[in-house]
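> There's a structure below that I have some questions on.
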Amino acid sequence: SSHFGARAIICSTEDAAPRRFRAAMADAAIRVFGRPTSTNTQKVLWALHEVGRPFELTWASRRLGSASQHLCSITGDQPFGVVDTEEYKRICPTRQIPAILDGEVVLWESNSIVRYLAQRYAPELHLQDIAGMARCSPWMDWALSDLPNPGRRQKLVDQIARLPPDRRDYEVATAAHEAYMAQFALAEERLAQTGAFLAGDAFTIADVPLGVELSRWSCATEAWARDAARGEAPPPPAAPALPGLRGLFE
């Protein structure tokens with residue numbers, strides 16, 4: 001099979017990982033900076049599972065901490081931090097999560113990390129060649145896009161999971177739910193065409209971003225329904241059956 005270099009955002013030598021972070025790498029494990037409740041971090045953890053690589057997770061966040069699932073700006077708790085250090089800025093100039101260190105490779109932006117892991121360790125996950133990567137990449141980047149309403153889908157989790165019921169704006173949460181439904185409707189059309197996965201007959205990295213978005217929506221709406229059953233929230237909006245997505249990710 002033919003291979004090609006993944007077009008990942010890899011820092012130059014002057015932005016190489018600080019020595020103290022590189023020294024922490026054990027047994028050639030990949031160092032991951034992020035938090036498992038972040039969908040962008042989840043994509044990377046899922047990809048690492050698919051390629052079978054060991055990793056070490058350093059919890060990092062400016063918004064959330066270990067004391068609560070709620071935003072530190074609400075609770076006053078201490079966030080995990082790390083992203084605010086100068087060492088981390090040399091790894092990820094934007095101070096966002098996730099980022100990884102894989103030997104001398106320093107990499108940030110979740111979709112770029114997923115592409116890199118597939119290319120380096122399991123090219124079958126992008127259908128082996130540049131044409132396969134080209135088939136996978138648009139679906140990956142589409143799943144990230146909230147246009148024409150940037151950030152709307154994230155607000156579902158921020159409202160339902162990261163705020164207590166008495167601090168939520170359920171109109172915002174409902175609008176975010178509708179944005180998910182618009183995305184899922186297009187995914188359903190595509191899955192009806194392929195009869196299998198987004199890029200065709202086989203599971204690929206194209207399916208990972210949509211998978212974590214589906215999980216984010218499902219967990220948030222289930223939590224919303226539990227709060228409603230306790231009388232702490234209005235009922236969540238109804239959702240269509242979504243047979244393609246249900247069959248893909250159950």
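Chain labels follow the order of the structure tokens: the first chain is A, the next B, and so on; residue numbering restarts at 1 in every chain, and ligands are counted from 1 in their shown order.
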Can you tell me, as an NGL selection string, what residues are no more than 7 Å from region 195-206 of chain A when counting only C-alpha atoms, ignoring any on the same chain fewer than 3 positions away?
:A and (125-126 or 135-137 or 139-140 or 190-192 or 209)
> Take the residues from that selection and write them out as an mmCIF file, in the first residue's frame, keeping N, CA, C and O atoms.

```
data_model
loop_
_atom_site.group_PDB
_atom_site.id
_atom_site.type_symbol
_atom_site.label_atom_id
_atom_site.label_comp_id
_atom_site.auth_asym_id
_atom_site.auth_seq_id
_atom_site.Cartn_x
_atom_site.Cartn_y
_atom_site.Cartn_z
ATOM 1 N N LEU A 125 -6.814 3.134 8.529
ATOM 2 C CA LEU A 125 -7.855 3.995 9.082
ATOM 3 C C LEU A 125 -8.126 5.219 8.213
ATOM 4 O O LEU A 125 -9.094 5.938 8.456
ATOM 5 N N HIS A 126 -7.267 5.490 7.240
ATOM 6 C CA HIS A 126 -7.600 6.517 6.245
ATOM 7 C C HIS A 126 -7.581 5.918 4.840
ATOM 8 O O HIS A 126 -7.303 6.595 3.862
ATOM 9 N N ARG A 135 -10.811 11.411 1.070
ATOM 10 C CA ARG A 135 -12.204 11.032 1.288
ATOM 11 C C ARG A 135 -12.608 11.201 2.750
ATOM 12 O O ARG A 135 -13.753 11.537 3.060
ATOM 13 N N CYS A 136 -11.680 10.974 3.659
ATOM 14 C CA CYS A 136 -11.974 11.049 5.086
ATOM 15 C C CYS A 136 -11.989 12.483 5.616
ATOM 16 O O CYS A 136 -12.831 12.845 6.447
ATOM 17 N N SER A 137 -11.053 13.295 5.148
ATOM 18 C CA SER A 137 -10.834 14.607 5.752
ATOM 19 C C SER A 137 -12.040 15.540 5.704
ATOM 20 O O SER A 137 -12.319 16.234 6.687
ATOM 21 N N TRP A 139 -15.192 14.963 5.912
ATOM 22 C CA TRP A 139 -16.166 14.608 6.946
ATOM 23 C C TRP A 139 -15.644 14.931 8.335
ATOM 24 O O TRP A 139 -16.418 15.316 9.220
ATOM 25 N N MET A 140 -14.346 14.808 8.525
ATOM 26 C CA MET A 140 -13.762 15.181 9.812
ATOM 27 C C MET A 140 -13.924 16.676 10.072
ATOM 28 O O MET A 140 -14.347 17.096 11.153
ATOM 29 N N ARG A 190 -25.995 10.758 4.349
ATOM 30 C CA ARG A 190 -24.763 10.136 3.873
ATOM 31 C C ARG A 190 -24.721 8.648 4.213
ATOM 32 O O ARG A 190 -24.350 7.818 3.368
ATOM 33 N N LEU A 191 -25.104 8.290 5.404
ATOM 34 C CA LEU A 191 -25.069 6.882 5.802
ATOM 35 C C LEU A 191 -26.081 6.055 5.017
ATOM 36 O O LEU A 191 -25.853 4.878 4.744
ATOM 37 N N ALA A 192 -27.181 6.670 4.624
ATOM 38 C CA ALA A 192 -28.139 5.962 3.768
ATOM 39 C C ALA A 192 -27.541 5.696 2.395
ATOM 40 O O ALA A 192 -27.835 4.671 1.769
ATOM 41 N N PRO A 209 -14.791 12.041 14.543
ATOM 42 C CA PRO A 209 -15.360 13.296 15.030
ATOM 43 C C PRO A 209 -16.880 13.262 15.174
ATOM 44 O O PRO A 209 -17.428 13.771 16.162
#
```
> Could you pull out all residues of region 66-206 of chain A with a DSSP call of helix (DSSP H, G or I) and give them as an NGL selection string?
:A and (72-75 or 86-91 or 110-121 or 123-126 or 130-144 or 154-160 or 165-167 or 170-194)
> Go through A:Met133, A:Ile97, A:Leu156, A:Ile30 one by one, measure the shortest atom-to-atom distance of each to Gly81 (chain A) using only C-alpha atoms, and give the residue with the smallest value.
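Comparing A:Met133, A:Ile97, A:Leu156, A:Ile30 against Gly81 (chain A), the winner is A:Ile97.
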